[in-house]
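Undergrad: The structure file target_34.cif (mmCIF, N, CA and C atoms) is provided below.
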data_coords
loop_
_atom_site.label_atom_id
_atom_site.label_comp_id
_atom_site.auth_asym_id
_atom_site.auth_seq_id
_atom_site.Cartn_x
_atom_site.Cartn_y
_atom_site.Cartn_z
N MET R 978 14.47 -80.63 -96.89
CA MET R 978 13.81 -81.74 -96.23
C MET R 978 12.37 -81.79 -96.71
N ALA R 979 11.92 -82.88 -97.18
CA ALA R 979 10.57 -83.04 -97.70
C ALA R 979 9.58 -83.16 -96.55
N LEU R 980 8.44 -82.48 -96.71
CA LEU R 980 7.38 -82.60 -95.72
C LEU R 980 6.62 -83.89 -95.96
N LYS R 981 6.23 -84.50 -94.89
CA LYS R 981 5.44 -85.72 -95.01
C LYS R 981 4.13 -85.52 -94.27
N SER R 982 3.10 -86.10 -94.79
CA SER R 982 1.82 -86.07 -94.11
C SER R 982 1.26 -87.47 -94.12
N TYR R 983 0.24 -87.65 -93.35
CA TYR R 983 -0.40 -88.96 -93.27
C TYR R 983 -1.84 -88.81 -93.68
N ARG R 984 -2.34 -89.75 -94.43
CA ARG R 984 -3.74 -89.73 -94.82
C ARG R 984 -4.33 -91.12 -94.61
N ARG R 985 -5.62 -91.14 -94.55
CA ARG R 985 -6.31 -92.41 -94.36
C ARG R 985 -6.50 -93.12 -95.69
N ALA R 986 -6.33 -94.39 -95.67
CA ALA R 986 -6.65 -95.21 -96.84
C ALA R 986 -7.64 -96.25 -96.37
N CYS R 987 -8.80 -96.26 -96.95
CA CYS R 987 -9.84 -97.19 -96.53
C CYS R 987 -9.49 -98.61 -96.90
N ILE R 988 -9.75 -99.50 -95.98
CA ILE R 988 -9.56 -100.92 -96.24
C ILE R 988 -10.87 -101.61 -95.89
N GLY R 989 -11.78 -101.64 -96.85
CA GLY R 989 -13.07 -102.32 -96.68
C GLY R 989 -13.78 -101.86 -95.43
N GLU R 990 -14.44 -102.83 -94.78
CA GLU R 990 -15.21 -102.55 -93.57
C GLU R 990 -14.33 -102.62 -92.32
N ALA R 991 -13.10 -103.07 -92.48
CA ALA R 991 -12.25 -103.34 -91.33
C ALA R 991 -11.71 -102.08 -90.65
N GLY R 992 -11.65 -100.99 -91.33
CA GLY R 992 -11.09 -99.78 -90.71
C GLY R 992 -10.18 -99.06 -91.67
N PHE R 993 -9.05 -98.54 -91.13
CA PHE R 993 -8.15 -97.79 -91.99
C PHE R 993 -6.72 -98.00 -91.52
N VAL R 994 -5.77 -97.66 -92.38
CA VAL R 994 -4.36 -97.66 -92.03
C VAL R 994 -3.79 -96.30 -92.39
N LEU R 995 -2.69 -95.93 -91.77
CA LEU R 995 -2.04 -94.67 -92.10
C LEU R 995 -0.99 -94.92 -93.17
N GLN R 996 -0.97 -94.06 -94.18
CA GLN R 996 0.02 -94.17 -95.23
C GLN R 996 0.86 -92.90 -95.21
N SER R 997 2.14 -93.02 -95.45
CA SER R 997 3.03 -91.88 -95.54
C SER R 997 3.05 -91.43 -97.00
N THR R 998 2.88 -90.11 -97.22
CA THR R 998 2.96 -89.58 -98.58
C THR R 998 3.82 -88.33 -98.58
N ASN R 999 4.47 -88.06 -99.68
CA ASN R 999 5.27 -86.86 -99.84
C ASN R 999 4.36 -85.78 -100.43
N THR R 1000 4.08 -84.72 -99.68
CA THR R 1000 3.12 -83.72 -100.12
C THR R 1000 3.76 -82.44 -100.62
N THR R 1001 5.08 -82.35 -100.68
CA THR R 1001 5.72 -81.11 -101.14
C THR R 1001 5.25 -80.77 -102.55
N TYR R 1002 5.28 -81.72 -103.45
CA TYR R 1002 4.86 -81.49 -104.83
C TYR R 1002 3.38 -81.18 -104.89
N GLU R 1003 2.56 -81.94 -104.14
CA GLU R 1003 1.12 -81.73 -104.16
C GLU R 1003 0.76 -80.34 -103.64
N THR R 1004 1.45 -79.88 -102.58
CA THR R 1004 1.19 -78.57 -102.00
C THR R 1004 1.53 -77.46 -103.00
N CYS R 1005 2.71 -77.56 -103.62
CA CYS R 1005 3.11 -76.56 -104.61
C CYS R 1005 2.15 -76.55 -105.79
N ASN R 1006 1.73 -77.72 -106.23
CA ASN R 1006 0.82 -77.82 -107.36
C ASN R 1006 -0.52 -77.17 -107.01
N SER R 1007 -1.01 -77.39 -105.80
CA SER R 1007 -2.27 -76.79 -105.38
C SER R 1007 -2.17 -75.27 -105.29
N ILE R 1008 -1.09 -74.77 -104.73
CA ILE R 1008 -0.89 -73.33 -104.62
C ILE R 1008 -0.79 -72.70 -105.99
N THR R 1009 -0.06 -73.33 -106.90
CA THR R 1009 0.06 -72.82 -108.26
C THR R 1009 -1.31 -72.78 -108.94
N HIS R 1010 -2.09 -73.80 -108.74
CA HIS R 1010 -3.42 -73.86 -109.32
C HIS R 1010 -4.32 -72.74 -108.78
N ILE R 1011 -4.29 -72.52 -107.50
CA ILE R 1011 -5.10 -71.47 -106.87
C ILE R 1011 -4.67 -70.09 -107.37
N LEU R 1012 -3.35 -69.84 -107.41
CA LEU R 1012 -2.86 -68.55 -107.89
C LEU R 1012 -3.21 -68.33 -109.36
N SER R 1013 -3.14 -69.37 -110.16
CA SER R 1013 -3.51 -69.25 -111.57
C SER R 1013 -4.98 -68.87 -111.73
N LEU R 1014 -5.84 -69.50 -110.95
CA LEU R 1014 -7.26 -69.17 -111.00
C LEU R 1014 -7.51 -67.73 -110.55
N ALA R 1015 -6.82 -67.30 -109.51
CA ALA R 1015 -6.98 -65.93 -109.01
C ALA R 1015 -6.54 -64.92 -110.07
N CYS R 1016 -5.40 -65.16 -110.71
CA CYS R 1016 -4.91 -64.26 -111.76
C CYS R 1016 -5.88 -64.22 -112.94
N ALA R 1017 -6.40 -65.36 -113.32
CA ALA R 1017 -7.36 -65.42 -114.42
C ALA R 1017 -8.61 -64.61 -114.08
N GLY R 1018 -9.06 -64.68 -112.84
CA GLY R 1018 -10.22 -63.91 -112.42
C GLY R 1018 -9.97 -62.42 -112.47
N VAL R 1019 -8.80 -61.99 -112.02
CA VAL R 1019 -8.45 -60.57 -112.05
C VAL R 1019 -8.38 -60.07 -113.49
N ILE R 1020 -7.75 -60.84 -114.36
CA ILE R 1020 -7.63 -60.44 -115.76
C ILE R 1020 -9.01 -60.36 -116.41
N ALA R 1021 -9.87 -61.33 -116.15
CA ALA R 1021 -11.22 -61.33 -116.73
C ALA R 1021 -12.02 -60.13 -116.25
N THR R 1022 -11.89 -59.78 -114.96
CA THR R 1022 -12.61 -58.63 -114.41
C THR R 1022 -12.14 -57.33 -115.05
N CYS R 1023 -10.83 -57.17 -115.18
CA CYS R 1023 -10.29 -55.97 -115.81
C CYS R 1023 -10.73 -55.86 -117.26
N ALA R 1024 -10.70 -56.96 -117.98
CA ALA R 1024 -11.11 -56.95 -119.39
C ALA R 1024 -12.58 -56.60 -119.51
N ALA R 1025 -13.42 -57.11 -118.62
CA ALA R 1025 -14.85 -56.83 -118.67
C ALA R 1025 -15.11 -55.35 -118.38
N ASN R 1026 -14.37 -54.77 -117.44
CA ASN R 1026 -14.56 -53.36 -117.11
C ASN R 1026 -14.13 -52.46 -118.26
N GLN R 1027 -13.08 -52.82 -118.97
CA GLN R 1027 -12.59 -52.00 -120.06
C GLN R 1027 -13.36 -52.24 -121.35
N ALA R 1028 -13.98 -53.41 -121.49
CA ALA R 1028 -14.67 -53.73 -122.73
C ALA R 1028 -15.86 -52.83 -122.96
N GLY R 1029 -16.51 -52.33 -121.88
CA GLY R 1029 -17.70 -51.52 -122.03
C GLY R 1029 -17.43 -50.11 -122.54
N ALA R 1030 -16.26 -49.57 -122.30
CA ALA R 1030 -15.96 -48.20 -122.68
C ALA R 1030 -15.22 -48.18 -124.01
N ALA R 1031 -15.72 -47.37 -124.93
CA ALA R 1031 -15.04 -47.19 -126.20
C ALA R 1031 -13.76 -46.40 -125.95
N PRO R 1032 -12.72 -46.64 -126.74
CA PRO R 1032 -11.44 -45.98 -126.48
C PRO R 1032 -11.49 -44.46 -126.64
N ASN R 1033 -12.36 -43.94 -127.49
CA ASN R 1033 -12.44 -42.50 -127.72
C ASN R 1033 -13.82 -42.00 -127.27
N SER R 1034 -14.12 -42.20 -125.97
CA SER R 1034 -15.45 -41.83 -125.47
C SER R 1034 -15.36 -41.19 -124.09
N GLY R 1035 -16.46 -40.56 -123.73
CA GLY R 1035 -16.64 -40.01 -122.39
C GLY R 1035 -17.85 -40.68 -121.77
N HIS R 1036 -18.10 -40.40 -120.52
CA HIS R 1036 -19.19 -41.04 -119.80
C HIS R 1036 -20.18 -39.98 -119.33
N LEU R 1037 -21.47 -40.25 -119.54
CA LEU R 1037 -22.53 -39.33 -119.13
C LEU R 1037 -23.41 -40.00 -118.09
N ILE R 1038 -23.68 -39.27 -117.01
CA ILE R 1038 -24.59 -39.72 -115.95
C ILE R 1038 -25.65 -38.64 -115.77
N ILE R 1039 -26.92 -39.05 -115.79
CA ILE R 1039 -28.01 -38.12 -115.51
C ILE R 1039 -28.86 -38.70 -114.39
N ASP R 1040 -28.85 -38.02 -113.24
CA ASP R 1040 -29.64 -38.42 -112.07
C ASP R 1040 -30.98 -37.71 -112.09
N ARG R 1041 -31.95 -38.31 -111.42
CA ARG R 1041 -33.24 -37.64 -111.17
C ARG R 1041 -33.15 -36.89 -109.86
N VAL R 1042 -33.65 -35.67 -109.82
CA VAL R 1042 -33.71 -34.93 -108.56
C VAL R 1042 -34.66 -35.67 -107.62
N ALA R 1043 -34.44 -35.55 -106.32
CA ALA R 1043 -35.22 -36.31 -105.33
C ALA R 1043 -36.71 -36.05 -105.41
N ASN R 1044 -37.10 -34.82 -105.71
CA ASN R 1044 -38.54 -34.49 -105.74
C ASN R 1044 -39.09 -34.47 -107.17
N PHE R 1045 -38.55 -35.29 -108.03
CA PHE R 1045 -38.95 -35.32 -109.45
C PHE R 1045 -40.41 -35.74 -109.60
N GLY R 1046 -40.83 -36.69 -108.81
CA GLY R 1046 -42.20 -37.20 -108.88
C GLY R 1046 -42.19 -38.71 -109.01
N ALA R 1047 -42.77 -39.37 -108.03
CA ALA R 1047 -42.73 -40.84 -107.99
C ALA R 1047 -43.47 -41.47 -109.16
N ASP R 1048 -44.50 -40.80 -109.66
CA ASP R 1048 -45.31 -41.36 -110.74
C ASP R 1048 -44.91 -40.85 -112.12
N LEU R 1049 -43.77 -40.16 -112.19
CA LEU R 1049 -43.30 -39.59 -113.45
C LEU R 1049 -42.03 -40.28 -113.93
N GLY R 1050 -41.92 -40.44 -115.23
CA GLY R 1050 -40.71 -41.00 -115.82
C GLY R 1050 -39.84 -39.90 -116.39
N LEU R 1051 -38.54 -40.07 -116.27
CA LEU R 1051 -37.57 -39.16 -116.87
C LEU R 1051 -37.12 -39.79 -118.19
N VAL R 1052 -37.45 -39.14 -119.30
CA VAL R 1052 -37.06 -39.64 -120.61
C VAL R 1052 -35.79 -38.92 -121.03
N VAL R 1053 -34.75 -39.68 -121.35
CA VAL R 1053 -33.48 -39.12 -121.80
C VAL R 1053 -33.32 -39.41 -123.29
N SER R 1054 -33.00 -38.35 -124.03
CA SER R 1054 -32.80 -38.45 -125.47
C SER R 1054 -31.41 -37.91 -125.79
N ILE R 1055 -30.66 -38.65 -126.60
CA ILE R 1055 -29.32 -38.22 -127.01
C ILE R 1055 -29.27 -38.22 -128.53
N ASP R 1056 -28.97 -37.05 -129.08
CA ASP R 1056 -28.88 -36.89 -130.53
C ASP R 1056 -30.14 -37.36 -131.24
N GLY R 1057 -31.29 -37.05 -130.66
CA GLY R 1057 -32.56 -37.35 -131.29
C GLY R 1057 -33.10 -38.75 -131.06
N LYS R 1058 -32.39 -39.57 -130.29
CA LYS R 1058 -32.85 -40.93 -130.01
C LYS R 1058 -33.10 -41.09 -128.51
N ASP R 1059 -34.28 -41.62 -128.17
CA ASP R 1059 -34.56 -41.91 -126.76
C ASP R 1059 -33.68 -43.08 -126.32
N VAL R 1060 -32.95 -42.86 -125.22
CA VAL R 1060 -32.09 -43.91 -124.70
C VAL R 1060 -32.68 -44.59 -123.47
N GLY R 1061 -33.81 -44.08 -122.99
CA GLY R 1061 -34.46 -44.74 -121.87
C GLY R 1061 -35.38 -43.82 -121.10
N THR R 1062 -36.28 -44.46 -120.37
CA THR R 1062 -37.17 -43.77 -119.44
C THR R 1062 -36.83 -44.29 -118.06
N PHE R 1063 -36.55 -43.36 -117.15
CA PHE R 1063 -36.01 -43.75 -115.84
C PHE R 1063 -36.99 -43.37 -114.74
N SER R 1064 -37.36 -44.38 -113.95
CA SER R 1064 -38.30 -44.19 -112.85
C SER R 1064 -37.55 -43.79 -111.59
N GLU R 1065 -38.31 -43.61 -110.54
CA GLU R 1065 -37.74 -43.18 -109.26
C GLU R 1065 -36.61 -44.12 -108.83
N GLY R 1066 -35.49 -43.53 -108.42
CA GLY R 1066 -34.34 -44.31 -107.95
C GLY R 1066 -33.43 -44.80 -109.07
N ARG R 1067 -33.76 -44.49 -110.32
CA ARG R 1067 -32.95 -44.92 -111.47
C ARG R 1067 -32.28 -43.71 -112.10
N LYS R 1068 -31.22 -43.97 -112.88
CA LYS R 1068 -30.51 -42.89 -113.57
C LYS R 1068 -29.96 -43.40 -114.89
N TYR R 1069 -29.67 -42.46 -115.78
CA TYR R 1069 -29.01 -42.81 -117.03
C TYR R 1069 -27.51 -42.82 -116.78
N SER R 1070 -26.83 -43.82 -117.32
CA SER R 1070 -25.38 -43.90 -117.24
C SER R 1070 -24.90 -44.60 -118.51
N GLY R 1071 -24.15 -43.89 -119.34
CA GLY R 1071 -23.69 -44.49 -120.58
C GLY R 1071 -22.51 -43.75 -121.19
N ASP R 1072 -21.86 -44.41 -122.12
CA ASP R 1072 -20.72 -43.84 -122.82
C ASP R 1072 -21.18 -43.15 -124.10
N LEU R 1073 -20.49 -42.04 -124.42
CA LEU R 1073 -20.76 -41.30 -125.65
C LEU R 1073 -19.45 -41.10 -126.39
N PRO R 1074 -19.46 -41.23 -127.70
CA PRO R 1074 -18.23 -40.97 -128.44
C PRO R 1074 -17.83 -39.50 -128.29
N ALA R 1075 -16.54 -39.24 -128.38
CA ALA R 1075 -16.05 -37.87 -128.29
C ALA R 1075 -16.71 -37.03 -129.38
N GLY R 1076 -16.98 -35.76 -129.05
CA GLY R 1076 -17.61 -34.85 -129.99
C GLY R 1076 -18.84 -34.21 -129.37
N GLN R 1077 -19.54 -33.42 -130.18
CA GLN R 1077 -20.70 -32.69 -129.67
C GLN R 1077 -21.98 -33.53 -129.76
N HIS R 1078 -22.77 -33.45 -128.69
CA HIS R 1078 -24.03 -34.19 -128.60
C HIS R 1078 -25.11 -33.28 -128.05
N THR R 1079 -26.34 -33.55 -128.46
CA THR R 1079 -27.51 -32.84 -127.93
C THR R 1079 -28.21 -33.77 -126.94
N ILE R 1080 -28.34 -33.30 -125.72
CA ILE R 1080 -28.98 -34.06 -124.65
C ILE R 1080 -30.31 -33.38 -124.32
N ILE R 1081 -31.38 -34.14 -124.36
CA ILE R 1081 -32.71 -33.62 -124.02
C ILE R 1081 -33.32 -34.52 -122.95
N VAL R 1082 -33.90 -33.89 -121.93
CA VAL R 1082 -34.65 -34.64 -120.91
C VAL R 1082 -36.07 -34.09 -120.89
N ARG R 1083 -37.02 -35.00 -120.75
CA ARG R 1083 -38.43 -34.61 -120.67
C ARG R 1083 -39.14 -35.54 -119.70
N VAL R 1084 -40.33 -35.14 -119.32
CA VAL R 1084 -41.12 -35.89 -118.35
C VAL R 1084 -42.19 -36.69 -119.08
N ASP R 1085 -42.51 -37.86 -118.55
CA ASP R 1085 -43.58 -38.70 -119.11
C ASP R 1085 -44.34 -39.35 -117.97
N PRO R 1086 -45.63 -39.17 -117.87
CA PRO R 1086 -46.49 -38.39 -118.76
C PRO R 1086 -46.30 -36.90 -118.51
N ASN R 1087 -46.53 -36.13 -119.55
CA ASN R 1087 -46.36 -34.67 -119.49
C ASN R 1087 -47.74 -34.02 -119.37
N ASN R 1088 -48.34 -34.16 -118.21
CA ASN R 1088 -49.70 -33.67 -117.97
C ASN R 1088 -49.80 -32.15 -117.88
N ASN R 1089 -48.69 -31.49 -117.53
CA ASN R 1089 -48.71 -30.03 -117.33
C ASN R 1089 -47.99 -29.27 -118.44
N ASP R 1090 -47.77 -29.91 -119.57
CA ASP R 1090 -47.09 -29.28 -120.71
C ASP R 1090 -45.73 -28.68 -120.34
N ALA R 1091 -44.95 -29.42 -119.54
CA ALA R 1091 -43.62 -28.97 -119.16
C ALA R 1091 -42.70 -28.98 -120.37
N LYS R 1092 -41.93 -27.91 -120.53
CA LYS R 1092 -40.97 -27.85 -121.62
C LYS R 1092 -39.77 -28.73 -121.27
N PRO R 1093 -39.24 -29.46 -122.25
CA PRO R 1093 -38.05 -30.28 -121.98
C PRO R 1093 -36.82 -29.39 -121.79
N ALA R 1094 -35.81 -29.95 -121.15
CA ALA R 1094 -34.53 -29.25 -121.01
C ALA R 1094 -33.57 -29.81 -122.06
N GLN R 1095 -32.76 -28.93 -122.64
CA GLN R 1095 -31.83 -29.34 -123.68
C GLN R 1095 -30.48 -28.69 -123.46
N ILE R 1096 -29.42 -29.47 -123.64
CA ILE R 1096 -28.07 -28.92 -123.58
C ILE R 1096 -27.26 -29.48 -124.75
N LYS R 1097 -26.22 -28.77 -125.11
CA LYS R 1097 -25.21 -29.25 -126.05
C LYS R 1097 -24.01 -29.63 -125.19
N LEU R 1098 -23.53 -30.84 -125.39
CA LEU R 1098 -22.40 -31.34 -124.59
C LEU R 1098 -21.27 -31.73 -125.53
N ASN R 1099 -20.11 -31.12 -125.33
CA ASN R 1099 -18.92 -31.47 -126.11
C ASN R 1099 -18.11 -32.49 -125.30
N VAL R 1100 -18.25 -33.75 -125.66
CA VAL R 1100 -17.64 -34.85 -124.92
C VAL R 1100 -16.17 -34.99 -125.30
N GLU R 1101 -15.33 -35.08 -124.28
CA GLU R 1101 -13.90 -35.35 -124.47
C GLU R 1101 -13.60 -36.75 -123.97
N ALA R 1102 -12.75 -37.46 -124.68
CA ALA R 1102 -12.39 -38.83 -124.32
C ALA R 1102 -11.88 -38.90 -122.89
N GLY R 1103 -12.37 -39.89 -122.15
CA GLY R 1103 -11.91 -40.13 -120.79
C GLY R 1103 -12.58 -39.29 -119.71
N GLN R 1104 -13.44 -38.35 -120.10
CA GLN R 1104 -14.10 -37.48 -119.12
C GLN R 1104 -15.46 -38.04 -118.73
N THR R 1105 -15.87 -37.71 -117.50
CA THR R 1105 -17.21 -38.07 -117.01
C THR R 1105 -17.99 -36.79 -116.78
N TYR R 1106 -19.24 -36.78 -117.26
CA TYR R 1106 -20.13 -35.63 -117.14
C TYR R 1106 -21.34 -36.05 -116.34
N THR R 1107 -21.63 -35.34 -115.27
CA THR R 1107 -22.74 -35.68 -114.38
C THR R 1107 -23.70 -34.52 -114.29
N TYR R 1108 -24.98 -34.82 -114.54
CA TYR R 1108 -26.06 -33.83 -114.50
C TYR R 1108 -27.19 -34.36 -113.64
N THR R 1109 -28.01 -33.44 -113.16
CA THR R 1109 -29.23 -33.79 -112.44
C THR R 1109 -30.41 -33.20 -113.18
N ALA R 1110 -31.39 -34.04 -113.50
CA ALA R 1110 -32.62 -33.58 -114.14
C ALA R 1110 -33.63 -33.24 -113.06
N GLY R 1111 -34.24 -32.08 -113.20
CA GLY R 1111 -35.22 -31.64 -112.21
C GLY R 1111 -36.14 -30.60 -112.80
N TRP R 1112 -36.62 -29.74 -111.92
CA TRP R 1112 -37.62 -28.76 -112.31
C TRP R 1112 -37.10 -27.34 -112.16
N SER R 1113 -37.54 -26.48 -113.08
CA SER R 1113 -37.33 -25.05 -112.99
C SER R 1113 -38.71 -24.44 -113.19
N GLY R 1114 -39.42 -24.23 -112.09
CA GLY R 1114 -40.82 -23.83 -112.16
C GLY R 1114 -41.63 -25.01 -112.68
N GLN R 1115 -42.34 -24.82 -113.79
CA GLN R 1115 -43.17 -25.88 -114.38
C GLN R 1115 -42.41 -26.66 -115.46
N ASP R 1116 -41.19 -26.23 -115.79
CA ASP R 1116 -40.45 -26.83 -116.90
C ASP R 1116 -39.27 -27.66 -116.39
N MET R 1117 -38.75 -28.48 -117.29
CA MET R 1117 -37.60 -29.34 -116.96
C MET R 1117 -36.31 -28.51 -116.93
N ALA R 1118 -35.37 -28.97 -116.14
CA ALA R 1118 -34.04 -28.34 -116.06
C ALA R 1118 -32.99 -29.45 -115.99
N LEU R 1119 -31.85 -29.17 -116.54
CA LEU R 1119 -30.72 -30.11 -116.50
C LEU R 1119 -29.53 -29.35 -115.94
N THR R 1120 -29.12 -29.70 -114.73
CA THR R 1120 -28.10 -28.95 -114.00
C THR R 1120 -26.82 -29.76 -113.90
N LYS R 1121 -25.69 -29.13 -114.27
CA LYS R 1121 -24.39 -29.80 -114.18
C LYS R 1121 -23.98 -29.91 -112.71
N ASN R 1122 -23.55 -31.09 -112.32
CA ASN R 1122 -23.11 -31.31 -110.93
C ASN R 1122 -21.66 -30.92 -110.76
#
Go through the file and emit its structure as structure tokens.
TA:
Amino acid sequence: MALKSYRRACIGEAGFVLQSTNTTYETCNSITHILSLACAGVIATCAANQAGAAPNSGHLIIDRVANFGADLGLVVSIDGKDVGTFSEGRKYSGDLPAGQHTIIVRVDPNNNDAKPAQIKLNVEAGQTYTYTAGWSGQDMALTKN
């Protein structure tokens, strides 16, 4: 049995009349359209999330310790290249290709001649590595979480 609905059809300034319309097709068409848009959104979101990670990579996160120093920047260097300076409340988060990497963290400005912290990290595909940069006495330290 077909569903029927009534809608208004304007007739000039005089008012309106009720018209009978068959909405079964219109309802199905609208639902199909909405579901198609929802599926497209899910697919686009999944593709965007996967596009950022290389297929043969791991993920590195370096947090700043809470008492690092509000006026100090944490400089992160990977394989001899600075990848960023991170202020209070910020952290490094990035993908690294599988294999061995040298990670160095240092402070900027370095008013007290603090020695940087350095580690060798053997990255495996699909793994996440989380470290916290902080202090060991007057020098920098990089601690695995």
Undergrad: Just give me the gap between CA of Ile1081 (chain R) and CA of Ser1054 (chain R) in Å, one decimal is fine.
TA: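 These two atoms are separated by 5.0 Å.
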Undergrad: Once the PyMOL selection byres ((chain R and resi 1062) around 5) has been evaluated on this model, what residues remain selected, and can you format them as a list in words?
TA: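 So the PyMOL selection byres ((chain R and resi 1062) around 5) ends up selecting Leu1051, Val1052, Val1060, Gly1061, Phe1063 and Ser1064 of chain R.
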Undergrad: With all atoms listed in the file counted, which protein, DNA or RNA residues have an atom no more than 6 Å from (-9.4, -42.1, -126.4) in the file frame? Please answer as a list in words.
TA: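 These residues have at least one counted atom within 6 Å: Pro1032, Asn1033, Ser1034, Ala1102 and Gly1103 of chain R.
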Undergrad: Rounded to one decimal in Å, what is the spacing between atom C of Thr1105 (chain R) and atom N of Ile1038 (chain R)?
TA: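 About the pair atom C of Thr1105 (chain R) and atom N of Ile1038 (chain R): they are 6.2 Å apart.
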Undergrad: Tell me which residues the PyMOL selection byres (((chain R and resi 1086-1091 and name CA) around 12) and name CA) grabs here, as a short mmCIF file (atom, residue, chain, number, x, y, z; two decimals) with N, CA and C atoms, in the coordinates of the input.
TA:
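The resulting selection.cif:
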data_model
loop_
_atom_site.label_atom_id
_atom_site.label_comp_id
_atom_site.auth_asym_id
_atom_site.auth_seq_id
_atom_site.Cartn_x
_atom_site.Cartn_y
_atom_site.Cartn_z
N GLY R 1046 -40.83 -36.69 -108.81
CA GLY R 1046 -42.20 -37.20 -108.88
C GLY R 1046 -42.19 -38.71 -109.01
N ALA R 1047 -42.77 -39.37 -108.03
CA ALA R 1047 -42.73 -40.84 -107.99
C ALA R 1047 -43.47 -41.47 -109.16
N ASP R 1048 -44.50 -40.80 -109.66
CA ASP R 1048 -45.31 -41.36 -110.74
C ASP R 1048 -44.91 -40.85 -112.12
N LEU R 1049 -43.77 -40.16 -112.19
CA LEU R 1049 -43.30 -39.59 -113.45
C LEU R 1049 -42.03 -40.28 -113.93
N GLY R 1050 -41.92 -40.44 -115.23
CA GLY R 1050 -40.71 -41.00 -115.82
C GLY R 1050 -39.84 -39.90 -116.39
N LEU R 1051 -38.54 -40.07 -116.27
CA LEU R 1051 -37.57 -39.16 -116.87
C LEU R 1051 -37.12 -39.79 -118.19
N VAL R 1052 -37.45 -39.14 -119.30
CA VAL R 1052 -37.06 -39.64 -120.61
C VAL R 1052 -35.79 -38.92 -121.03
N THR R 1062 -36.28 -44.46 -120.37
CA THR R 1062 -37.17 -43.77 -119.44
C THR R 1062 -36.83 -44.29 -118.06
N SER R 1064 -37.36 -44.38 -113.95
CA SER R 1064 -38.30 -44.19 -112.85
C SER R 1064 -37.55 -43.79 -111.59
N VAL R 1082 -33.90 -33.89 -121.93
CA VAL R 1082 -34.65 -34.64 -120.91
C VAL R 1082 -36.07 -34.09 -120.89
N ARG R 1083 -37.02 -35.00 -120.75
CA ARG R 1083 -38.43 -34.61 -120.67
C ARG R 1083 -39.14 -35.54 -119.70
N VAL R 1084 -40.33 -35.14 -119.32
CA VAL R 1084 -41.12 -35.89 -118.35
C VAL R 1084 -42.19 -36.69 -119.08
N ASP R 1085 -42.51 -37.86 -118.55
CA ASP R 1085 -43.58 -38.70 -119.11
C ASP R 1085 -44.34 -39.35 -117.97
N LYS R 1092 -41.93 -27.91 -120.53
CA LYS R 1092 -40.97 -27.85 -121.62
C LYS R 1092 -39.77 -28.73 -121.27
N PRO R 1093 -39.24 -29.46 -122.25
CA PRO R 1093 -38.05 -30.28 -121.98
C PRO R 1093 -36.82 -29.39 -121.79
N ALA R 1094 -35.81 -29.95 -121.15
CA ALA R 1094 -34.53 -29.25 -121.01
C ALA R 1094 -33.57 -29.81 -122.06
N GLY R 1111 -34.24 -32.08 -113.20
CA GLY R 1111 -35.22 -31.64 -112.21
C GLY R 1111 -36.14 -30.60 -112.80
N TRP R 1112 -36.62 -29.74 -111.92
CA TRP R 1112 -37.62 -28.76 -112.31
C TRP R 1112 -37.10 -27.34 -112.16
N SER R 1113 -37.54 -26.48 -113.08
CA SER R 1113 -37.33 -25.05 -112.99
C SER R 1113 -38.71 -24.44 -113.19
N GLY R 1114 -39.42 -24.23 -112.09
CA GLY R 1114 -40.82 -23.83 -112.16
C GLY R 1114 -41.63 -25.01 -112.68
N GLN R 1115 -42.34 -24.82 -113.79
CA GLN R 1115 -43.17 -25.88 -114.38
C GLN R 1115 -42.41 -26.66 -115.46
N ASP R 1116 -41.19 -26.23 -115.79
CA ASP R 1116 -40.45 -26.83 -116.90
C ASP R 1116 -39.27 -27.66 -116.39
N MET R 1117 -38.75 -28.48 -117.29
CA MET R 1117 -37.60 -29.34 -116.96
C MET R 1117 -36.31 -28.51 -116.93
N ALA R 1118 -35.37 -28.97 -116.14
CA ALA R 1118 -34.04 -28.34 -116.06
C ALA R 1118 -32.99 -29.45 -115.99
#
Undergrad: Do you know which residues are at most 6.5 Å from Gly1035 (chain R) counting all atoms listed in the file, after dropping those on the same chain fewer than 3 positions away, and could you put them as a compact mmCIF listing (two decimals) with N, CA and C atoms, in the coordinates of the input?
TA:
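Generated file (result-v5.txt):
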# COMPACT_ATOMS: atom_id res chain seq x y z
N GLY R 1071 -24.15 -43.89 -119.34
CA GLY R 1071 -23.69 -44.49 -120.58
C GLY R 1071 -22.51 -43.75 -121.19
N ASP R 1072 -21.86 -44.41 -122.12
CA ASP R 1072 -20.72 -43.84 -122.82
C ASP R 1072 -21.18 -43.15 -124.10
N LEU R 1073 -20.49 -42.04 -124.42
CA LEU R 1073 -20.76 -41.30 -125.65
C LEU R 1073 -19.45 -41.10 -126.39
N PRO R 1074 -19.46 -41.23 -127.70
CA PRO R 1074 -18.23 -40.97 -128.44
C PRO R 1074 -17.83 -39.50 -128.29
N ALA R 1075 -16.54 -39.24 -128.38
CA ALA R 1075 -16.05 -37.87 -128.29
C ALA R 1075 -16.71 -37.03 -129.38
N VAL R 1100 -18.25 -33.75 -125.66
CA VAL R 1100 -17.64 -34.85 -124.92
C VAL R 1100 -16.17 -34.99 -125.30
N GLU R 1101 -15.33 -35.08 -124.28
CA GLU R 1101 -13.90 -35.35 -124.47
C GLU R 1101 -13.60 -36.75 -123.97
N ALA R 1102 -12.75 -37.46 -124.68
CA ALA R 1102 -12.39 -38.83 -124.32
C ALA R 1102 -11.88 -38.90 -122.89
N GLY R 1103 -12.37 -39.89 -122.15
CA GLY R 1103 -11.91 -40.13 -120.79
C GLY R 1103 -12.58 -39.29 -119.71
N GLN R 1104 -13.44 -38.35 -120.10
CA GLN R 1104 -14.10 -37.48 -119.12
C GLN R 1104 -15.46 -38.04 -118.73
N THR R 1105 -15.87 -37.71 -117.50
CA THR R 1105 -17.21 -38.07 -117.01
C THR R 1105 -17.99 -36.79 -116.78
N TYR R 1106 -19.24 -36.78 -117.26
CA TYR R 1106 -20.13 -35.63 -117.14
C TYR R 1106 -21.34 -36.05 -116.34
